[in-house]
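A quick write-up on the structure given underneath.
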Amino acid sequence: MHVVVNAAMSVDGKLSSRRREQIAISGPDDFDRVDQLRADSDAVMVGVGTILADDPSLTVDDADRRAARADRGKPENPARVVADSRIRTPPDATVLDGRAQTYLLVSEAAPPDFIEEMEDAGAYVIAAGQDQVDLTTTLAKLEGDGIDQLMVEGGGELIFGLLEEALVDELFVYIGSKVIGGRDAPTLADGDGFIEDFPEPELAGVERVDDGVVLHWQF
């Protein structure tokens with residue numbers, strides 16, 4: 001599986017404010033770039049915090065791109081994947097609207113009634129990991145289900161977990177002309193952080209987009 005992480009952050013490296021509410025960091029040209037990345041992917045993944053904060057659809061916006069996917073024999077929209085160790089996904093989340101296959105990744109501690117509720121809402125549930133989602137195992141299961149390119153859109157804890165397990169192949173970061181600040185505001189890689197063996201990707205590209213810049217790294 002090829003894992004591509006994409007995120008937008010402020011000049012000071014924040015994904016959002018300390019309230020963890022959606023903030024517009026990029027602009028229309030970058031939105032279009034992200035839509036193309038989605039269209040090129042077999043699935044789009046987020047953590048449950050993103051579901052609770054933004055309630056995203058994770059679908060392809062552009063009708064021509066959806067049509068092009070259909071012409072290639074693919075579903076109009078990529079599958080959607082939610083990592084939810086704390087079983088917080090609401091059954092009325094937009095990712096469960098039936099517009100695309102939705103996978104819910106949970107730990108083995110998830111109660112059976114929650115799993116049943118999510119399956120009734122249309123999700124395909126994959127359980128792995130004792131208390132937290134085992135990302136290596138669940139991504140391997142997704143690959144076995146035909147997902148060859150996985151796009152990850154955050155949040156910071158999920159991105160850190162993927163980096164910690166050396167599962168990331170490419171990283172795109174849009175840096176917008178905005179300062180957010182706050183010691184409690186989410187960053188690109190939250191979680192426990194590294195104290196040694198720091199990942200060192202290779203810078204592969206720099207492009208000015210809208211009022212910011214897109215940096216592209218490869219691992």
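Ordering of the structure tokens sets the chain letters (A, B, ...); residue numbers start at 1 within each chain; ligands are numbered from 1 in the order shown.
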### Query
Any idea what's packed within 6 Å of region 199-208 of chain A, counting only C-alpha atoms, ignoring anything in its chain fewer than 3 positions away? Could you give it as a PyMOL selection string?
chain A and resi 212-219
### Selection: 10 Å around region 35-41 of chain A, only C-alpha atoms, excl. self and same-chain fewer than 5 positions, as a PyMOL selection string
chain A and resi 2-4+6+29-30+58-62+65-66+68-69+76-79+147-153
## Note on the structure
Counting only C-alpha atoms, closest pick from A:Tyr103, A:Asp210, A:Arg33, A:Gly144 relative to Ile175 (chain A) is A:Asp210
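Between Phe160 (chain A) and the candidates A:Ala110, A:Ile87, A:Val5, A:Ala53, the tightest atom-to-atom separation, counting only C-alpha atoms, involves A:Val5.
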### Task
Could you find all residues in region 7-77 of chain A that DSSP calls helix (DSSP H, G or I) from the backbone, and write them as a PyMOL selection string?
chain A and resi 28-40+48-54+63-71
Store the residues picked out above in a file with N, CA and C atoms, as a compact mmCIF listing (two decimals), in the first residue's frame.
```
# COMPACT_ATOMS: atom_id res chain seq x y z
N PRO A 28 -8.74 28.23 -2.90
CA PRO A 28 -9.38 27.42 -3.95
C PRO A 28 -8.43 26.56 -4.76
N ASP A 29 -7.25 27.07 -5.06
CA ASP A 29 -6.31 26.27 -5.84
C ASP A 29 -5.83 25.05 -5.05
N ASP A 30 -5.63 25.23 -3.77
CA ASP A 30 -5.20 24.09 -2.96
C ASP A 30 -6.35 23.12 -2.75
N PHE A 31 -7.57 23.64 -2.60
CA PHE A 31 -8.73 22.74 -2.51
C PHE A 31 -8.81 21.85 -3.75
N ASP A 32 -8.52 22.44 -4.91
CA ASP A 32 -8.54 21.67 -6.16
C ASP A 32 -7.44 20.62 -6.18
N ARG A 33 -6.27 20.98 -5.66
CA ARG A 33 -5.16 20.01 -5.59
C ARG A 33 -5.55 18.83 -4.71
N VAL A 34 -6.18 19.12 -3.57
CA VAL A 34 -6.60 18.07 -2.64
C VAL A 34 -7.67 17.19 -3.29
N ASP A 35 -8.59 17.81 -4.02
CA ASP A 35 -9.65 17.05 -4.68
C ASP A 35 -9.05 16.08 -5.70
N GLN A 36 -7.99 16.51 -6.39
CA GLN A 36 -7.32 15.61 -7.34
C GLN A 36 -6.64 14.46 -6.61
N LEU A 37 -6.02 14.75 -5.47
CA LEU A 37 -5.41 13.68 -4.68
C LEU A 37 -6.46 12.65 -4.25
N ARG A 38 -7.61 13.13 -3.82
CA ARG A 38 -8.70 12.22 -3.45
C ARG A 38 -9.10 11.36 -4.65
N ALA A 39 -9.26 12.00 -5.80
CA ALA A 39 -9.69 11.27 -7.00
C ALA A 39 -8.67 10.22 -7.42
N ASP A 40 -7.40 10.44 -7.11
CA ASP A 40 -6.34 9.51 -7.48
C ASP A 40 -6.18 8.38 -6.47
N VAL A 48 -11.03 9.97 14.18
CA VAL A 48 -12.39 10.31 14.62
C VAL A 48 -12.49 11.76 15.08
N GLY A 49 -11.39 12.36 15.54
CA GLY A 49 -11.43 13.77 15.94
C GLY A 49 -11.82 14.67 14.78
N THR A 50 -11.36 14.33 13.57
CA THR A 50 -11.74 15.10 12.39
C THR A 50 -13.22 14.93 12.08
N ILE A 51 -13.73 13.73 12.28
CA ILE A 51 -15.16 13.48 12.08
C ILE A 51 -15.98 14.34 13.03
N LEU A 52 -15.58 14.39 14.29
CA LEU A 52 -16.34 15.14 15.29
C LEU A 52 -16.23 16.65 15.08
N ALA A 53 -15.07 17.12 14.64
CA ALA A 53 -14.85 18.56 14.48
C ALA A 53 -15.45 19.11 13.18
N ASP A 54 -15.31 18.35 12.08
CA ASP A 54 -15.64 18.87 10.76
C ASP A 54 -16.81 18.16 10.07
N ALA A 63 -17.23 16.89 -10.57
CA ALA A 63 -18.02 15.88 -11.28
C ALA A 63 -17.21 15.19 -12.37
N ASP A 64 -16.33 15.93 -13.06
CA ASP A 64 -15.51 15.32 -14.12
C ASP A 64 -14.55 14.29 -13.54
N ARG A 65 -14.04 14.57 -12.36
CA ARG A 65 -13.13 13.59 -11.73
C ARG A 65 -13.88 12.35 -11.29
N ARG A 66 -15.11 12.53 -10.80
CA ARG A 66 -15.91 11.36 -10.43
C ARG A 66 -16.23 10.52 -11.68
N ALA A 67 -16.54 11.21 -12.77
CA ALA A 67 -16.83 10.50 -14.02
C ALA A 67 -15.60 9.76 -14.53
N ALA A 68 -14.44 10.38 -14.40
CA ALA A 68 -13.20 9.73 -14.85
C ALA A 68 -12.92 8.48 -14.04
N ARG A 69 -13.21 8.52 -12.74
CA ARG A 69 -13.05 7.32 -11.91
C ARG A 69 -13.99 6.22 -12.40
N ALA A 70 -15.23 6.58 -12.69
CA ALA A 70 -16.20 5.60 -13.17
C ALA A 70 -15.75 5.00 -14.51
N ASP A 71 -15.16 5.83 -15.38
CA ASP A 71 -14.67 5.35 -16.66
C ASP A 71 -13.54 4.34 -16.48
```
### Query
Leaving out Lys14 (chain A) and any residue of its chain fewer than 6 positions from it, which residues lie within 7 Å of it when counting only C-alpha atoms, given as a PyMOL selection string?
chain A and resi 180+185-188
Restricted to C-alpha atoms, what would the selected residues look like written as a PDB file, in the first residue's frame?
```
ATOM      1  CA  ILE A 180      -2.897  30.537  14.969  1.00  0.00           C
ATOM      2  CA  ALA A 185      -3.615  23.789  19.368  1.00  0.00           C
ATOM      3  CA  PRO A 186      -3.161  20.609  17.292  1.00  0.00           C
ATOM      4  CA  THR A 187      -0.015  20.204  15.213  1.00  0.00           C
ATOM      5  CA  LEU A 188       0.900  18.069  12.212  1.00  0.00           C
TER       6      LEU A 188
END
```
